[in-house]
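Down below is the structure, laid out as structure tokens.
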Amino acid sequence: MRPYDAFLLISFGGPEGNEDVIPFLENVTRGRGIPRERLAEVGEHYFLFGGVSPINQQCRDLIEAVRADFSANGAHLPIYWGNRFWDPLLTDTVAEMAKDGVRNVVALATSAYSCYSSHGAYIVDIEAAREAAGPDAPRIDLIPPFFDHPGFVEPLADHTRQALEHLPTSERAGARLLFSAHSIPTGMADASGTPEQEYGPGGAYVAQLAEVARLVSERLGTGNDYEVVYQSRSGPPSQPWLEPDINDRLAQLADEGVSAVVAVPHGFVSDHMEVMYDLDHEAADTARGLGMHFSRAHAPGTHPRFVSMVRELVAERADPEVGRTRLSELPTCPADGADCCRARPVGS
Ligand SMILES: CC1=C(CCC(=O)O)c2cc3nc(cc4[nH]c(cc5[nH]c(cc1n2)c(C)c5CCC(=O)O)c(CCC(=O)O)c4C)C(CCC(=O)O)=C3C
Ligand SMILES: [Fe+2]
């Protein structure tokens with residue numbers, strides 16, 4: 001895997017006990033203009049699960065699977081892991097890599113799409129961590145968003161098929177597929193991707209989400225109607241965020257006579273807290289209250305095709321001759337991350 005001498009997984013991080021919850025939320029929201037009530041409310045989501053977000057364990061599981069896949073395929077790279085907001089913190093991991101003499105790192109973020117929160121912020125945090133590590137900090141090449149890689153799309157199609165099968169047989173054909181992604185401020189969406197590209201309203205983020213919904217539905221091949229919805233909105237009500245919210249849309253669909261839905265968290269890489277709480281808890285409750293059948297597909301997680309994707313993306317980045325495997329023609333962000341997804345939400 002020359003020129004690389006290490007692989008780095010970069011994730012969000014999450015609390016692993018009640019005492020971690022508030023400090024974690026403070027890390028996430030520092031300077032972001034999130035209302036206090038929203039913070040208290042999100043804190044409750046974590047307390048409901050003993051203060052433990054599943055995201056760190058999901059990262060450990062992914063790393064174990066990637067390690068096994070690397071070694072089975074002769075890709076001998078040490079693996080490091082660093083989070084933006086909780087232990088192991090990216091800053092500490094980069095310092096450790098510097099101490100270990102690592103020089104050239106290839107990094108993957110657990111975020112598949114282009115926007116400040118899922119790409120730009122990772123670039124900014126990598127630079128800050130390198131700066132903090134001083135002159136021995138390694139070079140770190142971040143793999144650009146991978147939303148249209150078959151290793152992301154195929155697991156979602158498999159998992160959507162399984163979720164459909166959890167509905168009563170008579171409900172499957174008429175079930176609406178609700179592809180669900182994290183809402184972001186519309187200003188952040190409009191500025192997502194690279195400034196040279198014209199993506200339409202909502203920028204690269206909205207265009208990529210629409211494309212993945214289409215690709216997954218096409219692979220599924222069941223002909224179910226589908227659409228993209230949003231979840232996990234925060235920020236002040238005065239600020240516009242991407243809509244429709246999944247709960248509002250469920251109410252409209254019930255009015256239209258739709259009696260079953262499958263929620264597909266295609267905006268996420270694993271079934272972390274936002275999936276567990278906002279879909280399994282909140283949206284499922286909404287659907288139940290409306291008398292609808294509700295089934296939730298798993299995010300890619302440690303699906304074998306997702307795991308092999310990691311190796312393929314590393315190989316592709318290490319050697320331009322390997323070529324790019326993608327399912328869509330949509331432009332992604334440039335490999336050097338220059339000037340893309342830089343927009344911060346209003347009020348920060
Ligand atoms: C696009 C996107 C992804 C998907 C891409 C990706 O996966 O990275 C994502 C993932 C995640 N978001 C997470 C948690 C939180 N996000 C928050 C707040 C925010 N997210 C935003 C966007 C995104 N977030 C935005 C625009 C905000 C507003 C503040 C700001 O402008 O930055 C807040 C603050 C409270 C609140 O406002 O809800 C929390 C606690 C967790 C961890 C879950 C766990 O613990 O298992 C994960 C994986
Ligand atoms: Fe978030």
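Every chain in the structure tokens has a letter given in the order shown (A, B, ...), and although residue numbers restart at 1 in each chain, ligands are simply numbered from 1 in the order shown.
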Once you count only C-alpha atoms and all ligand atoms, what closest atom pair and distance in Å to one decimal does each residue of chain A within 7 Å of ligand 1 have, with rows by chain and rising residue number, as CSV?
residue,atom,partner,partner_atom_place_in_ligand_line,distance
A:Phe12,CA,ligand 1,48 (C),5.4
A:Gly13,CA,ligand 1,42 (C),6.3
A:Gly14,CA,ligand 1,45 (O),4.1
A:Pro15,CA,ligand 1,45 (O),6.6
A:Leu25,CA,ligand 1,40 (C),5.6
A:Val28,CA,ligand 1,34 (C),5.8
A:Thr29,CA,ligand 1,34 (C),5.6
A:Arg32,CA,ligand 1,30 (C),5.6
A:Ile34,CA,ligand 1,37 (O),6.0
A:Arg38,CA,ligand 1,37 (O),6.3
A:Leu39,CA,ligand 1,35 (C),5.5
A:Val42,CA,ligand 1,35 (C),5.9
A:Ser53,CA,ligand 1,46 (O),4.5
A:Pro54,CA,ligand 1,46 (O),5.5
A:Ile55,CA,ligand 1,46 (O),4.6
A:Thr110,CA,ligand 1,7 (O),6.0
A:Ser111,CA,ligand 1,6 (C),4.4
A:Ala112,CA,ligand 1,5 (C),7.0
A:Cys115,CA,ligand 1,1 (C),7.0
A:Ser117,CA,ligand 1,1 (C),5.0
A:Ser118,CA,ligand 1,5 (C),4.6
A:His182,CA,ligand 1,1 (C),5.0
A:Ser183,CA,ligand 1,1 (C),6.6
A:Ile184,CA,ligand 1,26 (C),4.4
A:Pro185,CA,ligand 1,26 (C),6.2
A:Ser232,CA,ligand 1,38 (O),6.1
A:Arg233,CA,ligand 1,38 (O),6.6
A:Ser234,CA,ligand 1,37 (O),4.2
A:Gly235,CA,ligand 1,28 (C),6.1
A:Gly267,CA,ligand 1,4 (C),6.1
A:Phe268,CA,ligand 1,7 (O),5.2
A:Val269,CA,ligand 1,7 (O),6.4
A:His272,CA,ligand 1,46 (O),3.8
A:Met273,CA,ligand 1,46 (O),3.5
A:Glu274,CA,ligand 1,43 (C),5.3
A:Arg344,CA,ligand 1,31 (O),6.9
A:Pro345,CA,ligand 1,31 (O),5.5
Could you please write out, as an MDAnalysis selection string, every residue of range 6-193 of chain A that DSSP assigns to helix (DSSP H, G or I)? chainID A and resid 18:29 36:47 55:72 90:99 116:136 150:165 169:172 186:190
Would you list the contacts of Leu62 in chain A as a PyMOL selection string, taking every protein, DNA or RNA residue within 12 Å and counting only C-alpha atoms, but skipping same-chain residues closer than 3 positions in sequence? chain A and resi 9-11+55-59+65-70+79-81+108+110+269-270+300-310
I'd like the interatomic distance between CA of Asp5 in chain A and CA of Arg130 in chain A, to a tenth of an Å. 16.3 Å
From a DSSP calculation on the backbone, collect every residue of range 32-191 of chain A in strand (DSSP E) and output the set as a list in words.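 Result set for range 32-191 of chain A (strand (DSSP E)): Ile79, Tyr80, Trp81, Gly82, Asn83, Asn104, Val105, Val106, Ala107, Leu108, Ala109, Arg139, Ile140, Asp141, Leu142, Arg176, Leu177, Leu178, Phe179, Ser180, Ala181 and His182 of chain A.
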Excluding range 134-146 of chain A and its own-chain neighbours fewer than 6 positions away, which residues fall within 8 Å of it when counting only C-alpha atoms? Please give them as a short mmCIF file (atom, residue, chain, number, x, y, z; two decimals) with C-alpha atoms, in the first residue's frame.
data_model
loop_
_atom_site.label_atom_id
_atom_site.label_comp_id
_atom_site.auth_asym_id
_atom_site.auth_seq_id
_atom_site.Cartn_x
_atom_site.Cartn_y
_atom_site.Cartn_z
CA VAL A 94 -2.14 11.95 15.53
CA ALA A 95 0.35 12.67 18.33
CA MET A 97 1.35 8.36 15.12
CA ALA A 98 4.02 11.07 15.18
CA LYS A 99 5.68 9.33 18.14
CA GLY A 101 7.35 7.49 13.36
CA VAL A 102 4.42 7.21 10.96
CA ARG A 103 4.97 9.53 7.97
CA ASN A 104 2.19 8.99 5.42
CA VAL A 105 -1.35 8.22 6.46
CA VAL A 106 -4.42 7.38 4.44
CA ALA A 107 -7.61 8.23 6.34
CA LEU A 108 -11.28 7.35 6.01
CA ALA A 109 -14.08 9.22 7.76
CA SER A 111 -19.26 9.82 6.72
CA ALA A 112 -20.15 9.11 3.12
CA TYR A 113 -21.38 12.48 1.82
CA SER A 114 -20.19 15.96 0.95
CA HIS A 119 -16.38 16.25 5.09
CA ILE A 123 -10.44 18.31 6.99
CA ILE A 126 -7.18 16.80 10.75
CA PHE A 152 -21.77 1.57 0.38
CA LEU A 313 -10.59 2.95 -1.41
CA VAL A 314 -7.15 2.74 0.19
CA ARG A 317 -5.80 6.32 -3.23
CA THR A 332 -17.48 14.08 -5.49
CA CYS A 333 -15.08 16.37 -3.67
CA PRO A 334 -11.49 16.69 -4.90
CA ALA A 335 -8.91 14.30 -3.45
CA ASP A 336 -7.01 17.14 -1.77
CA GLY A 337 -10.19 18.51 -0.22
#
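Of note, CA of Gly120 in chain A and CA of Gly187 in chain A are spaced 14.0 Å apart.
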Set the distance at 9 Å and use only C-alpha atoms: which residues neighbour range 278-285 of chain A once local chain neighbours fewer than 4 positions away are removed? I'd like the list as a PyMOL selection string. chain A and resi 45+180+231-232+246-247+250+263+265+273-274+289-290+293-296
Nearest-residue call for Ala173 in chain A, choices A:Val52, A:Val261, A:Val212, A:Ala207, using only C-alpha atoms: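 Checking each of A:Val52, A:Val261, A:Val212, A:Ala207 against Ala173 in chain A, counting only C-alpha atoms, the winner is A:Val261.
Across the model, the gap from CA of Arg249 in chain A to CA of Leu167 in chain A is 19.5 Å.
If you measure from each of A:Tyr4, A:Pro240, A:Thr160, A:Val275 to ligand 2 using only C-alpha atoms and all ligand atoms, the closest one turns out to be A:Val275.
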Do you know which residues are at most 10 Å from Val228 in chain A counting only C-alpha atoms, after dropping those on the same chain fewer than 6 positions away, and could you put them as a PyMOL selection string? chain A and resi 177-181+206+209-214+243-246+263-267
Please write the residues from the selection above to a file, keeping C-alpha atoms, as a short mmCIF file (atom, residue, chain, number, x, y, z; two decimals), in the first residue's frame.
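Contents of out_24.cif, freshly written:
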data_model
loop_
_atom_site.label_atom_id
_atom_site.label_comp_id
_atom_site.auth_asym_id
_atom_site.auth_seq_id
_atom_site.Cartn_x
_atom_site.Cartn_y
_atom_site.Cartn_z
CA LEU A 177 -39.14 3.48 1.28
CA LEU A 178 -38.08 6.51 3.31
CA PHE A 179 -34.38 7.13 2.77
CA SER A 180 -33.36 9.09 5.84
CA ALA A 181 -30.39 11.41 6.28
CA VAL A 206 -28.94 16.76 -1.49
CA LEU A 209 -28.58 11.63 -1.16
CA ALA A 210 -31.06 11.56 -4.06
CA GLU A 211 -28.62 9.55 -6.16
CA VAL A 212 -27.96 6.94 -3.45
CA ALA A 213 -31.71 6.53 -2.85
CA ARG A 214 -32.09 5.91 -6.59
CA GLU A 243 -36.99 19.10 5.07
CA PRO A 244 -39.27 17.18 5.23
CA ASP A 245 -38.69 15.77 8.69
CA ILE A 246 -39.44 12.04 8.71
CA ALA A 263 -36.85 3.65 6.96
CA VAL A 264 -33.43 3.35 5.32
CA PRO A 265 -30.74 5.41 7.13
CA HIS A 266 -28.74 5.97 3.94
CA GLY A 267 -27.23 9.18 5.34
#
